[in-house]
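Asker: Pasting a structure below so you can have a look.
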Amino acid sequence: MTDIPPTVVRSSRTVAADPATIFELIADPARQPSWDGNDNLAEAADGQRVRAVGDVFSMLLTQGAVRENRIVEFVEGRLVAWLPSEPGKPPPGHLWPWELEPVGDGTTRVTCTYDWTELDPDDAFRQKRARATTTDQLRASLDLLAAVAEKE
């Protein structure tokens, strides 16, 4: 097993739904607040469903800030990853990949990763928040994602 760097947090779980159903919940930002297990995402406008590397979607956070999320990896139904940033600013170095792997019988292994390896070490605020992000927090979102997907 490969060691995970301390700047990478990862959680996985099997969901009783097909990859296409789950992927729609992840790739459509307007659906993301329904399965956010950390009460961080407030809303996103309809019509921002991502389809390719280079797409950007905006999200209103619960504390009132807006984030632009640039898609940096994309394989329809299997992988989507984005870099959040403040509007008009370069991404500070957070990477959020979501990977889906069919495991048979209509189930899918979903893995969420939070990689903050590229964060500026002098950005004390973001470093503190990044260190506070745990596998339990990722798992909370995975559990809600599963609940929503399994009802669809």
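Residue numbers start at 1 in each chain; chains themselves are named A, B, ... in the order of the structure tokens; ligands are numbered from 1 in the order shown.
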Run DSSP on the backbone and grab whatever in chain A lands in strand (DSSP E); send it over as an MDAnalysis selection string.

Answerer: chainID A and resid 8:15 41:43 56:61 66:75 79:85 96:104 107:115

Asker: Could you list, as a list in words, every residue within 7 Å of Phe57 (chain A), counting only C-alpha atoms and ignoring same-chain residues fewer than 2 positions away?

Answerer: Gln48, Asp55, Met59, Glu68, Asn69 and Arg70 of chain A

Asker: Which residues, written as a PDB file with N, CA, C and O atoms, in the first residue's frame, have at least one atom at most 6 Å from region 135-150 of chain A, with only C-alpha atoms counted and residues fewer than 6 positions away on the same chain left out?

Answerer:
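Resulting contents of out.pdb:
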```pdb
ATOM      1  N   VAL A   9      -5.907  13.808   2.391  1.00  0.00           N
ATOM      2  CA  VAL A   9      -6.909  13.112   3.194  1.00  0.00           C
ATOM      3  C   VAL A   9      -7.822  12.393   2.208  1.00  0.00           C
ATOM      4  O   VAL A   9      -8.239  12.983   1.206  1.00  0.00           O
ATOM      5  N   ARG A  10      -8.140  11.134   2.506  1.00  0.00           N
ATOM      6  CA  ARG A  10      -8.933  10.348   1.554  1.00  0.00           C
ATOM      7  C   ARG A  10      -9.923   9.474   2.315  1.00  0.00           C
ATOM      8  O   ARG A  10      -9.604   8.945   3.378  1.00  0.00           O
ATOM      9  N   SER A  11     -11.098   9.315   1.722  1.00  0.00           N
ATOM     10  CA  SER A  11     -12.097   8.414   2.276  1.00  0.00           C
ATOM     11  C   SER A  11     -12.843   7.753   1.123  1.00  0.00           C
ATOM     12  O   SER A  11     -13.063   8.379   0.081  1.00  0.00           O
ATOM     13  N   VAL A  15     -21.274   2.448  -2.598  1.00  0.00           N
ATOM     14  CA  VAL A  15     -22.619   3.016  -2.688  1.00  0.00           C
ATOM     15  C   VAL A  15     -23.474   2.084  -3.545  1.00  0.00           C
ATOM     16  O   VAL A  15     -23.031   1.644  -4.611  1.00  0.00           O
ATOM     17  N   ALA A  16     -24.682   1.818  -3.108  1.00  0.00           N
ATOM     18  CA  ALA A  16     -25.592   0.935  -3.837  1.00  0.00           C
ATOM     19  C   ALA A  16     -26.321   1.716  -4.930  1.00  0.00           C
ATOM     20  O   ALA A  16     -27.542   1.894  -4.900  1.00  0.00           O
ATOM     21  N   ALA A  17     -25.529   2.207  -5.880  1.00  0.00           N
ATOM     22  CA  ALA A  17     -26.058   2.933  -7.043  1.00  0.00           C
ATOM     23  C   ALA A  17     -25.021   2.839  -8.153  1.00  0.00           C
ATOM     24  O   ALA A  17     -23.829   2.631  -7.883  1.00  0.00           O
ATOM     25  N   ILE A  22     -24.486   8.457  -9.465  1.00  0.00           N
ATOM     26  CA  ILE A  22     -23.627   9.140  -8.491  1.00  0.00           C
ATOM     27  C   ILE A  22     -22.899  10.304  -9.142  1.00  0.00           C
ATOM     28  O   ILE A  22     -22.816  11.397  -8.575  1.00  0.00           O
ATOM     29  N   TRP A  35     -25.825  16.858  -0.470  1.00  0.00           N
ATOM     30  CA  TRP A  35     -25.054  15.768   0.130  1.00  0.00           C
ATOM     31  C   TRP A  35     -23.769  16.268   0.807  1.00  0.00           C
ATOM     32  O   TRP A  35     -22.892  15.459   1.155  1.00  0.00           O
ATOM     33  N   ASP A  36     -23.668  17.553   1.045  1.00  0.00           N
ATOM     34  CA  ASP A  36     -22.519  18.115   1.754  1.00  0.00           C
ATOM     35  C   ASP A  36     -22.632  17.763   3.233  1.00  0.00           C
ATOM     36  O   ASP A  36     -23.500  18.266   3.928  1.00  0.00           O
ATOM     37  N   GLY A  37     -21.753  16.923   3.713  1.00  0.00           N
ATOM     38  CA  GLY A  37     -21.806  16.457   5.086  1.00  0.00           C
ATOM     39  C   GLY A  37     -21.164  17.383   6.093  1.00  0.00           C
ATOM     40  O   GLY A  37     -21.095  17.065   7.283  1.00  0.00           O
TER      41      GLY A  37
END
```

Asker: Write out as an mmCIF file with C-alpha atoms, in the first residue's frame each polymer residue whose atoms come within 8 Å of region 72-80 of chain A, counting only C-alpha atoms; drop sequence neighbours fewer than 4 positions from it.

Answerer:
```cif
data_model
loop_
_atom_site.group_PDB
_atom_site.id
_atom_site.type_symbol
_atom_site.label_atom_id
_atom_site.label_comp_id
_atom_site.auth_asym_id
_atom_site.auth_seq_id
_atom_site.Cartn_x
_atom_site.Cartn_y
_atom_site.Cartn_z
ATOM 1 C CA PRO A 19 -21.699 5.311 -11.389
ATOM 2 C CA ALA A 20 -23.851 7.424 -13.733
ATOM 3 C CA PHE A 23 -21.623 11.120 -11.023
ATOM 4 C CA GLU A 24 -24.613 13.330 -11.835
ATOM 5 C CA ALA A 27 -20.828 16.858 -11.563
ATOM 6 C CA ARG A 51 -18.420 18.225 -18.757
ATOM 7 C CA ALA A 52 -14.705 18.774 -19.399
ATOM 8 C CA VAL A 53 -11.364 19.915 -18.083
ATOM 9 C CA GLY A 54 -11.383 23.720 -18.073
ATOM 10 C CA PRO A 97 -10.826 14.686 -6.771
ATOM 11 C CA TRP A 98 -13.825 12.368 -6.819
ATOM 12 C CA GLU A 99 -13.272 8.896 -8.281
ATOM 13 C CA LEU A 100 -15.966 6.324 -9.090
ATOM 14 C CA GLU A 101 -15.263 2.660 -9.717
#
```

Asker: In Å to one decimal, how far is CA of Trp96 (chain A) from CA of Val110 (chain A)?

Answerer: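 It comes out at 13.0 Å.
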
Asker: Name all residues at most 8 Å from Gln32 (chain A) (count only C-alpha atoms; drop same-chain ones fewer than 5 positions away) and give them as a CSV table (one decimal) with C-alpha atoms, in the first residue's frame.

Answerer:
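File out20.csv, as written:
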```csv
chain,number,residue,atom,x,y,z
A,25,LEU,CA,-24.8,14.3,-8.2
A,26,ILE,CA,-21.1,15.3,-8.1
A,41,LEU,CA,-22.0,24.5,0.6
A,43,GLU,CA,-26.0,26.8,-3.2
```

Asker: In Å, how far is it from CA of Ala65 (chain A) to CA of Pro84 (chain A)?

Answerer: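 For CA of Ala65 (chain A) relative to CA of Pro84 (chain A), the distance reads 11.8 Å.
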
Asker: Using only C-alpha atoms, which of the listed residues (A:Lys89, A:Lys151, A:Arg131, A:His94) sits closest to Leu119 (chain A)?

Answerer: A:His94

Asker: Nearest to Thr111 (chain A): which of A:Arg126, A:Val66, A:Pro33, A:Ala81 is it, counting only C-alpha atoms?

Answerer: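 The shortest atom-to-atom distance to Thr111 (chain A) comes from A:Ala81.
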
Asker: Select, from A:Gln63, A:Thr21, A:Thr14, A:Arg129, the residue with the minimum atom-to-atom distance to Glu152 (chain A), counting only C-alpha atoms.

Answerer: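 Nearest to Glu152 (chain A): A:Thr21.
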
Asker: Give me, please, the distance in Å between CA of Ala44 (chain A) and CA of Leu95 (chain A), quoted to one decimal.

Answerer: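 Taking CA of Ala44 (chain A) as the start and CA of Leu95 (chain A) as the end point, the length is 18.9 Å.
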
Asker: What are the DSSP helix (DSSP H, G or I) residues of chain A, as a PyMOL selection string?

Answerer: chain A and resi 19-27+29-35+124-131+135-151

Asker: Based on the selection just made, write C-alpha atoms of those residues as a short mmCIF file (atom, residue, chain, number, x, y, z; two decimals), in the first residue's frame.

Answerer:
```cif
data_model
loop_
_atom_site.label_atom_id
_atom_site.label_comp_id
_atom_site.auth_asym_id
_atom_site.auth_seq_id
_atom_site.Cartn_x
_atom_site.Cartn_y
_atom_site.Cartn_z
CA PRO A 19 -21.70 5.31 -11.39
CA ALA A 20 -23.85 7.42 -13.73
CA THR A 21 -26.36 8.24 -10.98
CA ILE A 22 -23.63 9.14 -8.49
CA PHE A 23 -21.62 11.12 -11.02
CA GLU A 24 -24.61 13.33 -11.83
CA LEU A 25 -24.83 14.32 -8.15
CA ILE A 26 -21.14 15.27 -8.10
CA ALA A 27 -20.83 16.86 -11.56
CA PRO A 29 -22.94 21.76 -8.57
CA ALA A 30 -26.59 22.61 -7.91
CA ARG A 31 -26.95 19.10 -6.44
CA GLN A 32 -23.84 19.24 -4.22
CA PRO A 33 -25.39 21.03 -1.19
CA SER A 34 -27.87 18.14 -0.81
CA TRP A 35 -25.05 15.77 0.13
CA ALA A 124 -1.66 30.37 7.91
CA PHE A 125 -5.46 30.60 7.57
CA ARG A 126 -5.72 28.01 4.78
CA GLN A 127 -3.06 25.78 6.35
CA LYS A 128 -5.05 25.69 9.60
CA ARG A 129 -8.30 24.88 7.79
CA ALA A 130 -6.58 22.22 5.67
CA ARG A 131 -5.12 20.49 8.73
CA THR A 135 -11.37 11.59 6.84
CA ASP A 136 -14.47 11.72 9.08
CA GLN A 137 -15.53 14.95 7.35
CA LEU A 138 -15.04 13.40 3.93
CA ARG A 139 -16.92 10.31 5.09
CA ALA A 140 -19.87 12.44 6.23
CA SER A 141 -20.25 13.74 2.67
CA LEU A 142 -19.82 10.25 1.22
CA ASP A 143 -22.53 8.93 3.54
CA LEU A 144 -24.97 11.66 2.50
CA LEU A 145 -24.03 11.20 -1.17
CA ALA A 146 -24.82 7.50 -0.78
CA ALA A 147 -28.18 8.25 0.86
CA VAL A 148 -29.19 10.61 -1.96
CA ALA A 149 -27.89 8.34 -4.76
CA GLU A 150 -29.54 5.23 -3.34
CA LYS A 151 -32.95 7.00 -3.42
#
```

Asker: When distances are computed from only C-alpha atoms, which of A:Thr108, A:Glu118, A:Asn38, A:Ser12 shows the smallest separation from Thr133 (chain A)?

Answerer: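 Among A:Thr108, A:Glu118, A:Asn38, A:Ser12, it is A:Asn38 that comes nearest to Thr133 (chain A).
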